[in-house]
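K.L.:
Structure in structure tokens, see below.
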Amino acid sequence: MKVLFVASECAPFVKTGGLADVVGAVPKALEPLGVDVRILLPAYPALADLLRRGETLLHLDDLFGGPARLVSVQSDGLNVILLDAPHLFDRAGGIYLDESGTDWHDNHLRFGALCTVATRIATGQLTSWKPDLVHAHDWQAGLVPLLIKLAGSDHKPPCVMTIHNIAFQGLFHWSTRELFAIPDEHFTHEGAEFYGHFGFLKAGLAYCDKITTVSPTYAQELLTPEFGMGLEGLMQARQQDLSGILNGIDLDIWNPKTDPALPAPYSVHNRRNKSRCRAALEQKFSLQNDAESPLFCVISRLTQQKGLDLLLEVLPALVERGGRLALLGSGEKQLEDGFLQAAQDHPGRVGTFIGYDEELSHLVQGGSDAIIIPSRFEPCGLTQLYGVRYGTLPVVARTGGLADTVVDATPDAIKEGRATGIQFSPIDAAGLNDALERTCALFERKRVWRSMMGNAMRYPVGWEQSAPEYHDLYLRTLSR
Ligand code: ADP
């Protein structure tokens with residue numbers, strides 16, 4: 001089975017969040033099941049090396065204002081097709097945001113072009129490789145199902161659309177549809193129209209064959225006004241086609257036994273070196289060395305979604321209780337400033353690193369005792385899965401994939417050897433404060449803590465369950 005992935009990011013090549021990790025991991029997990037995945041990605045400057053090594057498949061004289069080409073390259077166990085369109089993607093700044101931090105003015109064109117090219121591949125323009133099915137990820141790939149429907153071709157493969165976060169919908173001016181020759185009849189409430197705007201994600205969800213999201217709980221939440229972000233009606237209408245397939249992680253990249261970012265390797269059977277990782281982390285974040293104090297961490301985008309304003313509120317109480325915090329993150333200025341200030345207010349107890357640093361994120365996972373994820377909503381969340389793998393117990397809000405992947409340390413779960421972390425709800429400062437208090441109390445019960453670490457490190461967080469679920473879904477989609 002041949003499947004074309006369409007996405008705006010893919011680890012290890014270009015990443016701003018969990019989408020990249022998943023797009024980079026699923027194809028490898030599907031390969032042993034006989035699925036040949038090619039990933040269509042824009043050739044941002046970060047991919048210049050890959051581009052140089054690749055082989056040109058197709059030239060396009062004019063792709064929305066400039067020449068473009070498709071380049072095929074294999075790297076890191078992945079088959080990638082790069083869309084080299086310098087006028088759209090070869091520019092300094094972020095992949096979605098310009099240097100001032102605002103959305104690129106032409107994002108509709110940039111990702112509309114990605115979808116246009118994906119449609120050409122899907123409908124058979126690369127004679128060397130014709131996909132049986134297209135798997136579109138998030139709004140940046142949202143136009144593909146509709147463009148395939150509109151294409152004048154005999155080969156129209158079905159589409160699966162995955163929602164990694166429904167908060168990002170790709171809403172643009174209504175006239176955007178004219179650029180892609182989308183007839184008015186599709187600019188309706190049942191189609192691509194969203195309160196007078198043209199919605200890329202909405203179009204994808206309206207016209208794809210199957211919809212998935214990244215955890216079973218989030219799939220249910222999407223049906224409600226609280227989480228559906230205005231698309232709950234469409235989600236309800238398509239409930240029969242919606243499923244939640246839990247994200248996994250790449251067990252080779254995230255392995256404390258072989259992780260080159262750690263000063264010393266450890267495993268579930270031999271965890272002594274975790275204290276060496278903790279010492280390295282303490283040094284890096286200018287934290288006091290204190291074996292009796294639990295070292296909490298955060299690795300996150302600093303946004304309203306992630307609930308880190310709640311952590312700022314309860315941080316003085318956590319420090320008072322003896323806890324320490326190492327935070328790695330970037331995002332909203334108010335939160336960045338808040339955590340920088342916290343580090344000044346609590347020298348040696350709170351360390352803040354503002355920025356995005358993949359390698360450092362591994363050390364933070366390896367060196368911490370617990371990871372705090374107080375998200376207001378969380379489609380799946382990956383950092384709790386990395387935490388589990390590294391024996392860094394997650395303290396999580398009970399929502400979305402966090403609810404599905406962490407076994408709360410209730411007395412029963414502790415007794416039965418199932419507990420892997422701490423869950424809390426309601427998701428507010430008092431709820432988080434209680435959870436941190438519970439965590440500190442558990443940390444003092446050394447035997448319990450050690451056994452929870454063992455439960456966590458043995459908990460299955462790879463793709464062994466979810467890859468076959470994608471495969472089954474593809475088969476069902478194809479058989480329709
Ligand atoms: P989201 O995709 O909503 O940002 P996820 O938990 O699904 O949240 O994925 C976030 C990914 O980004 C994880 O791989 C995490 O380790 C990584 N990450 C987030 N912030 C940083 C940072 N400042 N530095 C390095 N990695 C980060």
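Chain labels run A, B, ... following the order of the structure tokens; each chain numbers its residues from 1, and ligands are numbered from 1 in the order shown.
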Please return as a PyMOL selection string the residues found within 8 Å of ligand 1, counting only C-alpha atoms and all ligand atoms.
P.N.:
chain A and resi 15-21+164-165+299-301+306+328-330+354-362+378-384+386
K.L.:
Residues as selected, N, CA, C and O atoms, written as a compact mmCIF listing (two decimals), in the first residue's frame, can you do that?
P.N.:
# COMPACT_ATOMS: atom_id res chain seq x y z
N LYS A 15 10.86 21.14 13.01
CA LYS A 15 9.90 20.85 14.07
C LYS A 15 9.57 22.10 14.86
O LYS A 15 10.46 22.85 15.24
N THR A 16 8.27 22.32 15.09
CA THR A 16 7.89 23.32 16.09
C THR A 16 7.09 22.69 17.21
O THR A 16 6.84 23.32 18.23
N GLY A 17 6.63 21.44 17.02
CA GLY A 17 5.84 20.81 18.08
C GLY A 17 5.59 19.35 17.78
O GLY A 17 6.26 18.74 16.93
N GLY A 18 4.59 18.80 18.47
CA GLY A 18 4.33 17.38 18.41
C GLY A 18 3.97 16.85 17.03
O GLY A 18 4.25 15.69 16.71
N LEU A 19 3.36 17.69 16.20
CA LEU A 19 3.02 17.28 14.83
C LEU A 19 4.24 16.68 14.13
O LEU A 19 4.16 15.62 13.49
N ALA A 20 5.38 17.36 14.26
CA ALA A 20 6.59 16.91 13.59
C ALA A 20 7.02 15.53 14.09
O ALA A 20 7.39 14.65 13.30
N ASP A 21 6.96 15.33 15.40
CA ASP A 21 7.38 14.04 15.96
C ASP A 21 6.52 12.91 15.40
O ASP A 21 7.02 11.84 15.05
N HIS A 164 -4.31 17.27 14.63
CA HIS A 164 -3.34 17.25 15.73
C HIS A 164 -3.69 18.31 16.77
O HIS A 164 -3.28 18.20 17.92
N ASN A 165 -4.40 19.36 16.34
CA ASN A 165 -4.86 20.39 17.30
C ASN A 165 -5.90 21.23 16.59
O ASN A 165 -5.57 21.96 15.64
N ILE A 299 8.65 21.28 29.64
CA ILE A 299 9.21 21.49 28.30
C ILE A 299 8.01 21.80 27.42
O ILE A 299 7.20 20.92 27.14
N SER A 300 7.89 23.05 27.01
CA SER A 300 6.60 23.40 26.41
C SER A 300 6.61 24.70 25.63
O SER A 300 7.43 25.59 25.90
N ARG A 301 5.66 24.79 24.70
CA ARG A 301 5.30 26.10 24.19
C ARG A 301 4.65 26.84 25.36
O ARG A 301 3.91 26.24 26.15
N LYS A 306 -1.42 25.66 27.29
CA LYS A 306 -0.59 24.78 28.11
C LYS A 306 -0.77 25.01 29.62
O LYS A 306 -0.18 24.30 30.43
N LEU A 328 12.00 24.74 30.33
CA LEU A 328 12.51 25.01 28.98
C LEU A 328 11.31 25.32 28.11
O LEU A 328 10.41 24.48 27.94
N GLY A 329 11.25 26.54 27.59
CA GLY A 329 10.08 26.86 26.77
C GLY A 329 10.22 28.21 26.11
O GLY A 329 11.13 28.99 26.40
N SER A 330 9.29 28.47 25.20
CA SER A 330 9.24 29.78 24.57
C SER A 330 7.82 30.01 24.10
O SER A 330 7.06 29.07 23.89
N ILE A 354 14.73 30.17 28.27
CA ILE A 354 13.78 30.56 27.22
C ILE A 354 14.41 30.26 25.86
O ILE A 354 15.51 30.72 25.56
N GLY A 355 13.71 29.47 25.08
CA GLY A 355 14.22 29.12 23.76
C GLY A 355 13.70 27.75 23.37
O GLY A 355 12.96 27.12 24.12
N TYR A 356 14.09 27.34 22.18
CA TYR A 356 13.70 26.01 21.70
C TYR A 356 15.00 25.24 21.48
O TYR A 356 15.85 25.64 20.69
N ASP A 357 15.19 24.15 22.20
CA ASP A 357 16.46 23.44 22.14
C ASP A 357 16.19 21.93 22.27
O ASP A 357 15.95 21.42 23.37
N GLU A 358 16.24 21.28 21.14
CA GLU A 358 15.89 19.86 21.08
C GLU A 358 16.81 19.03 22.00
O GLU A 358 16.34 18.20 22.78
N GLU A 359 18.12 19.27 21.89
CA GLU A 359 19.06 18.46 22.66
C GLU A 359 18.86 18.68 24.16
O GLU A 359 18.84 17.73 24.95
N LEU A 360 18.68 19.94 24.53
CA LEU A 360 18.48 20.24 25.94
C LEU A 360 17.20 19.58 26.46
O LEU A 360 17.13 19.15 27.62
N SER A 361 16.20 19.46 25.60
CA SER A 361 14.94 18.85 26.05
C SER A 361 15.18 17.39 26.48
O SER A 361 14.52 16.90 27.40
N HIS A 362 16.13 16.73 25.87
CA HIS A 362 16.45 15.35 26.27
C HIS A 362 17.09 15.33 27.67
O HIS A 362 16.77 14.49 28.49
N GLU A 378 -5.48 19.19 25.59
CA GLU A 378 -4.26 18.58 25.07
C GLU A 378 -4.66 17.41 24.16
O GLU A 378 -5.05 16.35 24.64
N PRO A 379 -4.60 17.61 22.84
CA PRO A 379 -5.01 16.54 21.91
C PRO A 379 -4.38 15.19 22.27
O PRO A 379 -5.07 14.19 22.40
N CYS A 380 -3.06 15.15 22.38
CA CYS A 380 -2.42 13.95 22.93
C CYS A 380 -1.38 14.36 23.95
O CYS A 380 -1.44 13.99 25.10
N GLY A 381 -0.42 15.19 23.48
CA GLY A 381 0.70 15.52 24.35
C GLY A 381 1.77 14.45 24.15
O GLY A 381 1.46 13.25 24.09
N LEU A 382 2.99 14.88 24.01
CA LEU A 382 4.08 13.91 23.85
C LEU A 382 5.04 13.95 25.02
O LEU A 382 5.67 12.95 25.35
N THR A 383 5.13 15.11 25.68
CA THR A 383 6.19 15.21 26.70
C THR A 383 5.90 14.29 27.89
O THR A 383 6.83 13.85 28.55
N GLN A 384 4.62 13.97 28.13
CA GLN A 384 4.35 13.00 29.21
C GLN A 384 4.81 11.61 28.80
O GLN A 384 5.21 10.80 29.65
N TYR A 386 7.43 11.01 26.75
CA TYR A 386 8.89 11.01 26.92
C TYR A 386 9.22 10.89 28.41
O TYR A 386 10.16 10.18 28.80
K.L.:
Could you list, as a PDB file with C-alpha atoms, in the first residue's frame, every residue within 10 Å of Gly93 in chain A, counting only C-alpha atoms and ignoring same-chain residues fewer than 5 positions away?
P.N.:
ATOM      1  CA  TYR A  44      12.357  25.424   4.197  1.00  0.00           C
ATOM      2  CA  PRO A  45      15.952  26.690   4.611  1.00  0.00           C
ATOM      3  CA  ASP A  98       7.846  36.010  10.108  1.00  0.00           C
ATOM      4  CA  GLU A  99      10.724  37.549  12.004  1.00  0.00           C
ATOM      5  CA  SER A 100       8.384  39.822  13.962  1.00  0.00           C
ATOM      6  CA  GLY A 101       6.417  36.805  15.184  1.00  0.00           C
ATOM      7  CA  TRP A 104       3.422  35.080   7.186  1.00  0.00           C
TER       8      TRP A 104
END
K.L.:
Can you pull out the residues contacting Ala342 in chain A? Cut-off 9 Å, using only C-alpha atoms, and skip same-chain residues under 6 positions away; I want them as a list in words.
P.N.:
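Counting only the stated atoms, we get Leu312, Leu315, Pro316, Val350, Gly351 and Thr352 of chain A.
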K.L.:
Skip range 2-13 of chain A itself and residues of its chain fewer than 2 positions away, then list as number ranges by chain all residues within 7 Å of it, counting only C-alpha atoms.
P.N.:
A: 15, 19-21, 23-24, 35-42, 47, 118, 131-137, 140-141
K.L.:
From a DSSP calculation on the backbone, collect every residue of range 76-191 of chain A in alpha helix (DSSP H) and output the set as number ranges by chain.
P.N.:
A: 86-89, 107-122, 144-150, 176-179
K.L.:
Create the file for the chosen residues now, containing C-alpha atoms and written as a PDB file, in the first residue's frame.
P.N.:
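Saved the output as again_12.pdb:
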ATOM      1  CA  PRO A  86      11.959  29.354  -3.066  1.00  0.00           C
ATOM      2  CA  HIS A  87       9.470  32.220  -3.473  1.00  0.00           C
ATOM      3  CA  LEU A  88       7.223  30.551  -0.880  1.00  0.00           C
ATOM      4  CA  PHE A  89       9.502  28.730   1.521  1.00  0.00           C
ATOM      5  CA  ASN A 107       0.416  31.479   4.473  1.00  0.00           C
ATOM      6  CA  HIS A 108      -2.737  30.731   2.472  1.00  0.00           C
ATOM      7  CA  LEU A 109      -0.623  30.674  -0.663  1.00  0.00           C
ATOM      8  CA  ARG A 110       2.294  28.781   0.853  1.00  0.00           C
ATOM      9  CA  PHE A 111       0.228  25.928   2.241  1.00  0.00           C
ATOM     10  CA  GLY A 112      -2.356  26.140  -0.528  1.00  0.00           C
ATOM     11  CA  ALA A 113       0.553  25.510  -2.896  1.00  0.00           C
ATOM     12  CA  LEU A 114       1.602  22.522  -0.789  1.00  0.00           C
ATOM     13  CA  CYS A 115      -1.945  21.146  -1.119  1.00  0.00           C
ATOM     14  CA  THR A 116      -2.021  21.845  -4.855  1.00  0.00           C
ATOM     15  CA  VAL A 117       1.190  19.913  -5.379  1.00  0.00           C
ATOM     16  CA  ALA A 118      -0.005  17.115  -3.095  1.00  0.00           C
ATOM     17  CA  THR A 119      -3.087  16.842  -5.299  1.00  0.00           C
ATOM     18  CA  ARG A 120      -0.941  16.515  -8.393  1.00  0.00           C
ATOM     19  CA  ILE A 121       1.026  13.690  -6.814  1.00  0.00           C
ATOM     20  CA  ALA A 122      -2.169  12.091  -5.494  1.00  0.00           C
ATOM     21  CA  VAL A 144      -6.091  18.286  -0.324  1.00  0.00           C
ATOM     22  CA  PRO A 145      -9.361  16.304  -0.071  1.00  0.00           C
ATOM     23  CA  LEU A 146     -11.362  19.056  -1.785  1.00  0.00           C
ATOM     24  CA  LEU A 147      -8.744  19.673  -4.487  1.00  0.00           C
ATOM     25  CA  ILE A 148      -8.660  15.946  -5.245  1.00  0.00           C
ATOM     26  CA  LYS A 149     -12.437  15.949  -5.507  1.00  0.00           C
ATOM     27  CA  LEU A 150     -12.251  18.828  -7.982  1.00  0.00           C
ATOM     28  CA  THR A 176      -8.895  32.799  -0.988  1.00  0.00           C
ATOM     29  CA  ARG A 177     -10.969  30.098  -2.647  1.00  0.00           C
ATOM     30  CA  GLU A 178     -10.669  31.878  -5.996  1.00  0.00           C
ATOM     31  CA  LEU A 179      -6.899  31.338  -5.969  1.00  0.00           C
TER      32      LEU A 179
END
K.L.:
Just the residues within 12 Å of Ala429 in chain A, please, counting only C-alpha atoms, with nothing from its chain fewer than 3 positions along; format it as a PyMOL selection string.
P.N.:
chain A and resi 307-315+317-318+374-376+397+424-426+432-436
K.L.:
Give me the residues near Leu57 in chain A as a short mmCIF file (atom, residue, chain, number, x, y, z; two decimals) with N, CA and C atoms, in the first residue's frame, where near means some atom within 7 Å (using only C-alpha atoms) and where sequence neighbours in that chain fewer than 5 positions away do not count.
P.N.:
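Below is the file part29.cif, written as the result:
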data_model
loop_
_atom_site.label_atom_id
_atom_site.label_comp_id
_atom_site.auth_asym_id
_atom_site.auth_seq_id
_atom_site.Cartn_x
_atom_site.Cartn_y
_atom_site.Cartn_z
N LEU A 70 9.84 19.27 -7.49
CA LEU A 70 9.69 18.24 -6.46
C LEU A 70 10.97 17.43 -6.43
N VAL A 71 11.47 17.21 -5.22
CA VAL A 71 12.76 16.54 -5.06
C VAL A 71 12.57 15.37 -4.09
N SER A 72 13.06 14.24 -4.52
CA SER A 72 12.90 13.05 -3.67
C SER A 72 14.20 12.78 -2.92
#
K.L.:
Within range 69-215 of chain A, find each residue whose DSSP state, derived from the backbone, is strand (DSSP E or B), and express the selection as a PyMOL selection string.
P.N.:
chain A and resi 69-75+78-84+97+103+133-137+159-163+171-172+193-194+197-199+210-213
K.L.:
For the residues selected in the previous step, produce a file with C-alpha atoms as an mmCIF file, in the first residue's frame.
P.N.:
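Listed below is the output, part02.cif:
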data_model
loop_
_atom_site.group_PDB
_atom_site.id
_atom_site.type_symbol
_atom_site.label_atom_id
_atom_site.label_comp_id
_atom_site.auth_asym_id
_atom_site.auth_seq_id
_atom_site.Cartn_x
_atom_site.Cartn_y
_atom_site.Cartn_z
ATOM 1 C CA ARG A 69 10.245 21.462 -8.319
ATOM 2 C CA LEU A 70 9.690 18.244 -6.463
ATOM 3 C CA VAL A 71 12.760 16.543 -5.055
ATOM 4 C CA SER A 72 12.903 13.051 -3.673
ATOM 5 C CA VAL A 73 15.306 12.182 -0.878
ATOM 6 C CA GLN A 74 15.807 9.440 1.706
ATOM 7 C CA SER A 75 17.077 10.313 5.140
ATOM 8 C CA LEU A 78 12.127 8.347 5.887
ATOM 9 C CA ASN A 79 11.184 8.857 2.241
ATOM 10 C CA VAL A 80 10.625 12.536 1.681
ATOM 11 C CA ILE A 81 9.374 14.539 -1.277
ATOM 12 C CA LEU A 82 10.437 18.145 -0.908
ATOM 13 C CA LEU A 83 8.493 20.965 -2.469
ATOM 14 C CA ASP A 84 11.240 23.339 -3.508
ATOM 15 C CA LEU A 97 5.736 33.192 11.480
ATOM 16 C CA ASP A 103 1.833 34.793 10.610
ATOM 17 C CA LEU A 133 -4.319 6.907 -0.262
ATOM 18 C CA VAL A 134 -3.477 10.385 1.043
ATOM 19 C CA HIS A 135 -3.010 11.141 4.730
ATOM 20 C CA ALA A 136 -3.281 14.888 5.362
ATOM 21 C CA HIS A 137 -2.106 16.395 8.648
ATOM 22 C CA CYS A 159 -8.073 10.869 2.047
ATOM 23 C CA VAL A 160 -7.593 10.451 5.765
ATOM 24 C CA MET A 161 -7.323 13.726 7.673
ATOM 25 C CA THR A 162 -5.702 13.902 11.108
ATOM 26 C CA ILE A 163 -6.423 16.686 13.586
ATOM 27 C CA LEU A 171 -8.793 30.647 8.466
ATOM 28 C CA PHE A 172 -8.363 33.099 5.588
ATOM 29 C CA GLU A 193 -16.984 28.256 4.978
ATOM 30 C CA PHE A 194 -16.435 29.178 8.636
ATOM 31 C CA HIS A 197 -13.927 32.902 6.323
ATOM 32 C CA PHE A 198 -12.406 30.248 4.142
ATOM 33 C CA GLY A 199 -11.179 27.457 6.438
ATOM 34 C CA LYS A 210 -12.002 9.490 7.398
ATOM 35 C CA ILE A 211 -11.006 11.742 10.258
ATOM 36 C CA THR A 212 -8.622 10.787 13.006
ATOM 37 C CA THR A 213 -7.301 12.622 15.973
#
K.L.:
What's the separation between CA of Tyr96 in chain A and CA of Gly338 in chain A, in Å to one decimal place?
P.N.:
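These atoms are spaced 25.1 Å apart.
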K.L.:
With distances taken over only C-alpha atoms, which of A:Asp412, A:Asp241, A:Asp259, A:Glu55 is nearest to Gln365 in chain A?
P.N.:
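Looking only at the distances to Gln365 in chain A, the closest residue turns out to be A:Asp259.
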K.L.:
Find the residue from A:Gly387, A:Gly323, A:Gly400, A:Gly196 that sits nearest to Gln220 in chain A; use only C-alpha atoms when measuring.
P.N.:
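Smallest distance to Gln220 in chain A is found for A:Gly400.
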K.L.:
With only C-alpha atoms as the atoms that count, which of A:Ala441, A:Ala29, A:Leu58, A:Leu402 lies nearest to Arg321 in chain A?
P.N.:
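Checking each of A:Ala441, A:Ala29, A:Leu58, A:Leu402 against Arg321 in chain A, counting only C-alpha atoms, the winner is A:Ala441.
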K.L.:
Determine, counting only C-alpha atoms, which protein, DNA and RNA residues have an atom within 12 Å of an atom of Thr410 in chain A; residues of the same chain fewer than 6 positions away are not included. Present the result as a PyMOL selection string.
P.N.:
chain A and resi 416-424+435+438-439+442+448+452
K.L.:
Separation of CA of Leu363 in chain A and CA of Val319 in chain A, in Å?
P.N.:
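Calculated distance between CA of Leu363 in chain A and CA of Val319 in chain A is 21.8 Å.
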